[in-house]
Amino acid sequence: MRKIIGEFEINEEKAEKIAEILLDLHKQGHPLVSMPEYNLPRNLIAGSREHALYLTYVISIDYMTGAEKLWRKARGAYELYPERFTPRKILAVSERSLSVFLRRLGARYPKSAAKTWKKISKILIEKYDGDPRNITVQPLTVEEIKDKLNDFPYLRGSKLANFYIRAMGETGLFKVSNLNDLDIPVDKQVARFTIYTGVLRFLGEKFQGCCNDDPLKSIIQEVWRTAAKKFGASPWKLDEPMWNIGSKLCTGRKCGQCPVKTFCDKTRGIKFRGNILFWERRG
Ligand code: SF4
């Protein structure tokens with residue numbers, strides 16, 4: 001079934017077929033499902049306060065740099081200096097030293113990243129006894145958690161908030177009462193995948209807009225929410241394989257290796273500058 005929203009057309013049937021393949025990749029434990037944030041430093045105990053801090057700090061600067069490189073470097077840094085990922089140590093060092101450390105992790109804006117880490121540390125100590133797990137002492141809904149994240153710089157934006165809640169919820173570090181309702185965090189890779197496959201088509205002549213904002217964000221979230229529901233799955237389960245295909249295969253048009261190639265339109269005429277999408281209809 002096709003659905004029109006403004007100047008966009010959604011191919012729901014194609015979305016369902018693709019969602020089924022992506023969900024199957026989870027069951028197979030396919031490499032396209034692995035996410036770098038789940039590959040922990042060797043000296044980190046899963047489920048611990050340190051685990052919660054590690055995810056909180058690294059995710060807060062995830063948007064500032066390439067994700068794979070960031071997590072690889074963060075893993076290495078944590079294995080050598082685990083204390084640098086604790087609120088008291090972060091507040092004790094100068095902003096300058098912290099920004100040098102963050103530059104080495106690959107943060108594109110290390111001064112801003114240092115301010116982010118200091119602010120997060122202060123809130124964690126003042127409100128949550130230095131432990132992000134205390135954000136959900138009792139199970140909370142996604143919306144209630146988002147309200148609490150309003151205090152935190154950079155974890156409150158819709159893309160990072162969804163990513164953070166998913167990572168913390170999936171690892172049991174947050175108690176989320178409705179994790180299954182969490183939408184896919186829309187970014188450049190998810191938008192690229194949705195458009196290249198032809199799940200979303202533009203009916204006008206030209207479009208320019210940010211992937212993280214409406215109308216793209218809401219339309220893309222809705223299409224994958226509906227498709228995931230058909231299989232009784234959570235929309236966020238589609239994020240991992242979609243993000244990996246978007247970033248590793250779509251960018252180089254490596255369609256031969258792609259698990260959804262049979263259903264993909266391989267749409268052209270799209271360019272990205274940062275998170276801004278430029279779309280010119282062809283044919
Ligand atoms: S077939 Fe090609 S364009 Fe389509 S999703 Fe796969 S890699 Fe991307």
# chains A, B, ... in the order shown; residues from 1 in each chain; ligands from 1
call {"tool": "residues_around", "arguments": {"residues": "segment 266-282 of chain A", "least_positions_apart": "6", "cutoff": "6 Å", "atoms": "only C-alpha atoms", "output": "list in words"}}
result
Lys188, Tyr196, Thr197, Glu205, Lys206, Phe207, Gln208, Gly209, Cys210 and Cys211 of chain A
call {"tool": "write_last_selection", "arguments": {"atoms": "N, CA, C and O atoms", "output": "mmCIF file, in the first residue's frame"}}
result
data_model
loop_
_atom_site.group_PDB
_atom_site.id
_atom_site.type_symbol
_atom_site.label_atom_id
_atom_site.label_comp_id
_atom_site.auth_asym_id
_atom_site.auth_seq_id
_atom_site.Cartn_x
_atom_site.Cartn_y
_atom_site.Cartn_z
ATOM 1 N N LYS A 188 21.345 10.645 9.503
ATOM 2 C CA LYS A 188 21.675 10.642 8.075
ATOM 3 C C LYS A 188 21.624 9.226 7.482
ATOM 4 O O LYS A 188 21.109 9.014 6.396
ATOM 5 N N TYR A 196 17.034 5.656 -0.282
ATOM 6 C CA TYR A 196 17.654 4.863 -1.357
ATOM 7 C C TYR A 196 16.794 3.641 -1.695
ATOM 8 O O TYR A 196 16.660 3.264 -2.849
ATOM 9 N N THR A 197 16.232 3.005 -0.664
ATOM 10 C CA THR A 197 15.440 1.791 -0.909
ATOM 11 C C THR A 197 14.140 2.096 -1.660
ATOM 12 O O THR A 197 13.540 1.205 -2.240
ATOM 13 N N GLU A 205 9.724 18.569 -7.022
ATOM 14 C CA GLU A 205 10.899 18.692 -7.891
ATOM 15 C C GLU A 205 12.182 18.717 -7.070
ATOM 16 O O GLU A 205 13.160 18.058 -7.417
ATOM 17 N N LYS A 206 12.180 19.511 -5.983
ATOM 18 C CA LYS A 206 13.393 19.657 -5.165
ATOM 19 C C LYS A 206 13.021 19.711 -3.700
ATOM 20 O O LYS A 206 12.019 20.323 -3.337
ATOM 21 N N PHE A 207 13.867 19.112 -2.868
ATOM 22 C CA PHE A 207 13.635 19.184 -1.416
ATOM 23 C C PHE A 207 14.970 19.402 -0.724
ATOM 24 O O PHE A 207 15.996 18.861 -1.122
ATOM 25 N N GLN A 208 14.924 20.197 0.323
ATOM 26 C CA GLN A 208 16.105 20.402 1.165
ATOM 27 C C GLN A 208 15.633 20.405 2.608
ATOM 28 O O GLN A 208 14.693 21.114 2.960
ATOM 29 N N GLY A 209 16.253 19.578 3.461
ATOM 30 C CA GLY A 209 15.816 19.558 4.864
ATOM 31 C C GLY A 209 16.748 18.722 5.717
ATOM 32 O O GLY A 209 17.532 17.911 5.217
ATOM 33 N N CYS A 210 16.672 18.939 7.036
ATOM 34 C CA CYS A 210 17.543 18.240 7.974
ATOM 35 C C CYS A 210 16.944 16.867 8.302
ATOM 36 O O CYS A 210 15.752 16.749 8.565
ATOM 37 N N CYS A 211 17.809 15.853 8.308
ATOM 38 C CA CYS A 211 17.344 14.478 8.590
ATOM 39 C C CYS A 211 16.785 14.349 10.002
ATOM 40 O O CYS A 211 15.919 13.518 10.246
#
call {"tool": "closest_atom_pairs", "arguments": {"of": "segment 72-143 of chain A", "to": "segment 36-59 of chain A", "cutoff": "12 Å", "atoms": "only C-alpha atoms", "output": "CSV"}}
result
residue,atom,partner,partner_atom,distance
A:Arg72,CA,A:Pro36,CA,7.5
A:Lys73,CA,A:Pro41,CA,10.1
A:Ala74,CA,A:Val58,CA,7.3
A:Arg75,CA,A:Pro41,CA,4.8
A:Gly76,CA,A:Pro41,CA,7.0
A:Ala77,CA,A:Pro41,CA,8.8
A:Tyr78,CA,A:Pro41,CA,6.5
A:Glu79,CA,A:Pro41,CA,5.9
A:Leu80,CA,A:Asn43,CA,9.2
A:Tyr81,CA,A:Asn43,CA,10.3
A:Pro82,CA,A:Asn43,CA,8.3
A:Glu83,CA,A:Glu50,CA,9.3
A:Arg84,CA,A:Tyr54,CA,9.7
A:Phe85,CA,A:Tyr54,CA,6.1
A:Thr86,CA,A:Leu53,CA,6.8
A:Pro87,CA,A:Leu53,CA,8.3
A:Arg88,CA,A:Leu53,CA,11.7
A:Ile90,CA,A:Tyr57,CA,10.4
A:Leu102,CA,A:Val58,CA,9.8
A:Leu105,CA,A:Val58,CA,9.4
A:Gly106,CA,A:Val58,CA,10.9
A:Ala107,CA,A:Val58,CA,9.8
A:Ala113,CA,A:Tyr57,CA,9.5
A:Ala114,CA,A:Tyr57,CA,10.3
A:Lys115,CA,A:Tyr57,CA,11.6
A:Thr116,CA,A:Tyr57,CA,8.7
A:Trp117,CA,A:Tyr57,CA,6.5
A:Lys118,CA,A:Tyr57,CA,9.9
A:Lys119,CA,A:Tyr57,CA,10.7
A:Ile120,CA,A:Tyr57,CA,7.9
A:Ser121,CA,A:Tyr57,CA,8.9
A:Leu124,CA,A:Leu53,CA,9.5
A:Ile125,CA,A:Leu53,CA,11.7
A:Tyr128,CA,A:Arg49,CA,11.4
A:Asp129,CA,A:Arg49,CA,10.7
A:Gly130,CA,A:Leu53,CA,8.6
A:Asp131,CA,A:Arg49,CA,5.9
A:Pro132,CA,A:Ala52,CA,5.9
A:Arg133,CA,A:Ala52,CA,6.5
A:Asn134,CA,A:Arg49,CA,9.5
A:Ile135,CA,A:Ala52,CA,10.6
A:Thr136,CA,A:Ala52,CA,11.9
call {"tool": "closest_atom_pairs", "arguments": {"of": "segment 3-58 of chain A", "to": "segment 237-256 of chain A", "cutoff": "7 Å", "atoms": "only C-alpha atoms", "output": "Markdown table"}}
result
| residue | atom | partner | partner_atom | distance |
| --- | --- | --- | --- | --- |
| A:Ala19 | CA | A:Leu238 | CA | 6.9 |
| A:Leu22 | CA | A:Pro241 | CA | 6.1 |
| A:Leu23 | CA | A:Leu238 | CA | 6.6 |
| A:Leu32 | CA | A:Pro241 | CA | 5.2 |
| A:Val33 | CA | A:Pro241 | CA | 4.8 |
| A:Met35 | CA | A:Glu240 | CA | 6.6 |
call {"tool": "select_by_dssp", "arguments": {"residues": "segment 17-225 of chain A", "states": "strand (DSSP E)", "output": "list in words"}}
result
Leu200, Arg201, Phe202, Lys206, Phe207, Gln208, Gly209 and Cys210 of chain A
call {"tool": "atom_distance", "arguments": {"atom1": "atom CA of Thr226 of chain A", "atom2": "atom CA of Met168 of chain A"}}
result
23.8 Å
call {"tool": "residues_around", "arguments": {"residues": "Glu7 of chain A", "least_positions_apart": "4", "cutoff": "7 Å", "atoms": "only C-alpha atoms", "output": "PDB file with N, CA and C atoms, in the first residue's frame"}}
result
ATOM      1  N   PHE A 202      10.112  11.219  -2.953  1.00  0.00           N
ATOM      2  CA  PHE A 202       9.737  12.625  -3.004  1.00  0.00           C
ATOM      3  C   PHE A 202       8.990  12.871  -4.309  1.00  0.00           C
ATOM      4  N   LEU A 203       7.814  13.495  -4.203  1.00  0.00           N
ATOM      5  CA  LEU A 203       6.992  13.677  -5.399  1.00  0.00           C
ATOM      6  C   LEU A 203       7.171  15.057  -6.029  1.00  0.00           C
ATOM      7  N   GLY A 204       7.810  15.983  -5.289  1.00  0.00           N
ATOM      8  CA  GLY A 204       8.020  17.329  -5.828  1.00  0.00           C
ATOM      9  C   GLY A 204       9.262  17.357  -6.714  1.00  0.00           C
TER      10      GLY A 204
END
call {"tool": "atom_distance", "arguments": {"atom1": "atom CA of Asn11 of chain A", "atom2": "atom CA of Thr262 of chain A"}}
result
14.9 Å
call {"tool": "atom_distance", "arguments": {"atom1": "atom CA of Lys159 of chain A", "atom2": "atom CA of Val186 of chain A"}}
result
6.1 Å
call {"tool": "closest_residue", "arguments": {"among": "A:Ser218, A:Lys122, A:Thr194, A:Val223", "to": "ligand 1", "atoms": "only C-alpha atoms and all ligand atoms"}}
result
A:Thr194
call {"tool": "closest_residue", "arguments": {"among": "A:Arg104, A:Lys229, A:Lys14, A:Lys217", "to": "ligand 1", "atoms": "only C-alpha atoms and all ligand atoms"}}
result
A:Lys14
call {"tool": "closest_residue", "arguments": {"among": "A:Ala92, A:Ile4, A:Ile18, A:Lys111", "to": "ligand 1", "atoms": "only C-alpha atoms and all ligand atoms"}}
result
A:Ile18
call {"tool": "select_by_dssp", "arguments": {"residues": "segment 123-271 of chain A", "states": "alpha helix (DSSP H)", "output": "MDAnalysis selection string"}}
result
chainID A and resid 123:128 142:149 158:170 188:196 216:230 239:244
call {"tool": "residues_around", "arguments": {"residues": "Pro110 of chain A", "least_positions_apart": "5", "cutoff": "8 Å", "atoms": "only C-alpha atoms", "output": "PyMOL selection string"}}
result
chain A and resi 99-100+102-103
call {"tool": "closest_residue", "arguments": {"among": "A:Ala67, A:Ala228, A:Ala15, A:Ala233", "to": "ligand 1", "atoms": "only C-alpha atoms and all ligand atoms"}}
result
A:Ala15
call {"tool": "residues_around", "arguments": {"residues": "Ser177 of chain A", "least_positions_apart": "2", "cutoff": "7 Å", "atoms": "only C-alpha atoms", "output": "number ranges by chain"}}
result
A: 139-141, 175, 179
call {"tool": "write_last_selection", "arguments": {"atoms": "all heavy atoms", "output": "PDB file, in the first residue's frame"}}
result
ATOM      1  N   PRO A 139      10.829   1.713  37.309  1.00  0.00           N
ATOM      2  CA  PRO A 139      10.623   1.715  35.854  1.00  0.00           C
ATOM      3  C   PRO A 139       9.885   2.982  35.390  1.00  0.00           C
ATOM      4  O   PRO A 139       8.918   3.398  36.025  1.00  0.00           O
ATOM      5  CB  PRO A 139       9.760   0.462  35.617  1.00  0.00           C
ATOM      6  CG  PRO A 139      10.001  -0.410  36.805  1.00  0.00           C
ATOM      7  CD  PRO A 139      10.262   0.512  37.957  1.00  0.00           C
ATOM      8  N   LEU A 140      10.365   3.584  34.325  1.00  0.00           N
ATOM      9  CA  LEU A 140       9.753   4.798  33.771  1.00  0.00           C
ATOM     10  C   LEU A 140       9.447   4.575  32.294  1.00  0.00           C
ATOM     11  O   LEU A 140      10.071   3.721  31.650  1.00  0.00           O
ATOM     12  CB  LEU A 140      10.713   5.985  33.897  1.00  0.00           C
ATOM     13  CG  LEU A 140      11.119   6.442  35.302  1.00  0.00           C
ATOM     14  CD1 LEU A 140      12.108   7.597  35.197  1.00  0.00           C
ATOM     15  CD2 LEU A 140       9.909   6.862  36.123  1.00  0.00           C
ATOM     16  N   THR A 141       8.522   5.374  31.777  1.00  0.00           N
ATOM     17  CA  THR A 141       8.238   5.290  30.339  1.00  0.00           C
ATOM     18  C   THR A 141       9.314   6.066  29.581  1.00  0.00           C
ATOM     19  O   THR A 141      10.039   6.886  30.173  1.00  0.00           O
ATOM     20  CB  THR A 141       6.874   5.920  29.992  1.00  0.00           C
ATOM     21  OG1 THR A 141       6.952   7.317  30.309  1.00  0.00           O
ATOM     22  CG2 THR A 141       5.733   5.274  30.749  1.00  0.00           C
ATOM     23  N   LYS A 175      15.619   1.156  33.667  1.00  0.00           N
ATOM     24  CA  LYS A 175      14.391   0.353  33.713  1.00  0.00           C
ATOM     25  C   LYS A 175      13.346   1.101  32.887  1.00  0.00           C
ATOM     26  O   LYS A 175      12.863   2.151  33.319  1.00  0.00           O
ATOM     27  CB  LYS A 175      13.912   0.219  35.162  1.00  0.00           C
ATOM     28  CG  LYS A 175      14.916  -0.480  36.083  1.00  0.00           C
ATOM     29  CD  LYS A 175      14.309  -0.609  37.481  1.00  0.00           C
ATOM     30  CE  LYS A 175      15.314  -1.117  38.482  1.00  0.00           C
ATOM     31  NZ  LYS A 175      16.214  -0.076  39.007  1.00  0.00           N
ATOM     32  N   LEU A 179       9.945   0.030  26.551  1.00  0.00           N
ATOM     33  CA  LEU A 179      11.066   0.115  25.601  1.00  0.00           C
ATOM     34  C   LEU A 179      10.633  -0.279  24.185  1.00  0.00           C
ATOM     35  O   LEU A 179      11.154   0.222  23.202  1.00  0.00           O
ATOM     36  CB  LEU A 179      12.218  -0.786  26.087  1.00  0.00           C
ATOM     37  CG  LEU A 179      13.551  -0.653  25.336  1.00  0.00           C
ATOM     38  CD1 LEU A 179      14.121   0.748  25.407  1.00  0.00           C
ATOM     39  CD2 LEU A 179      14.577  -1.653  25.852  1.00  0.00           C
TER      40      LEU A 179
END
call {"tool": "closest_residue", "arguments": {"among": "A:Ile123, A:Pro215, A:Ile21, A:Ser112", "to": "ligand 1", "atoms": "only C-alpha atoms and all ligand atoms"}}
result
A:Ile21
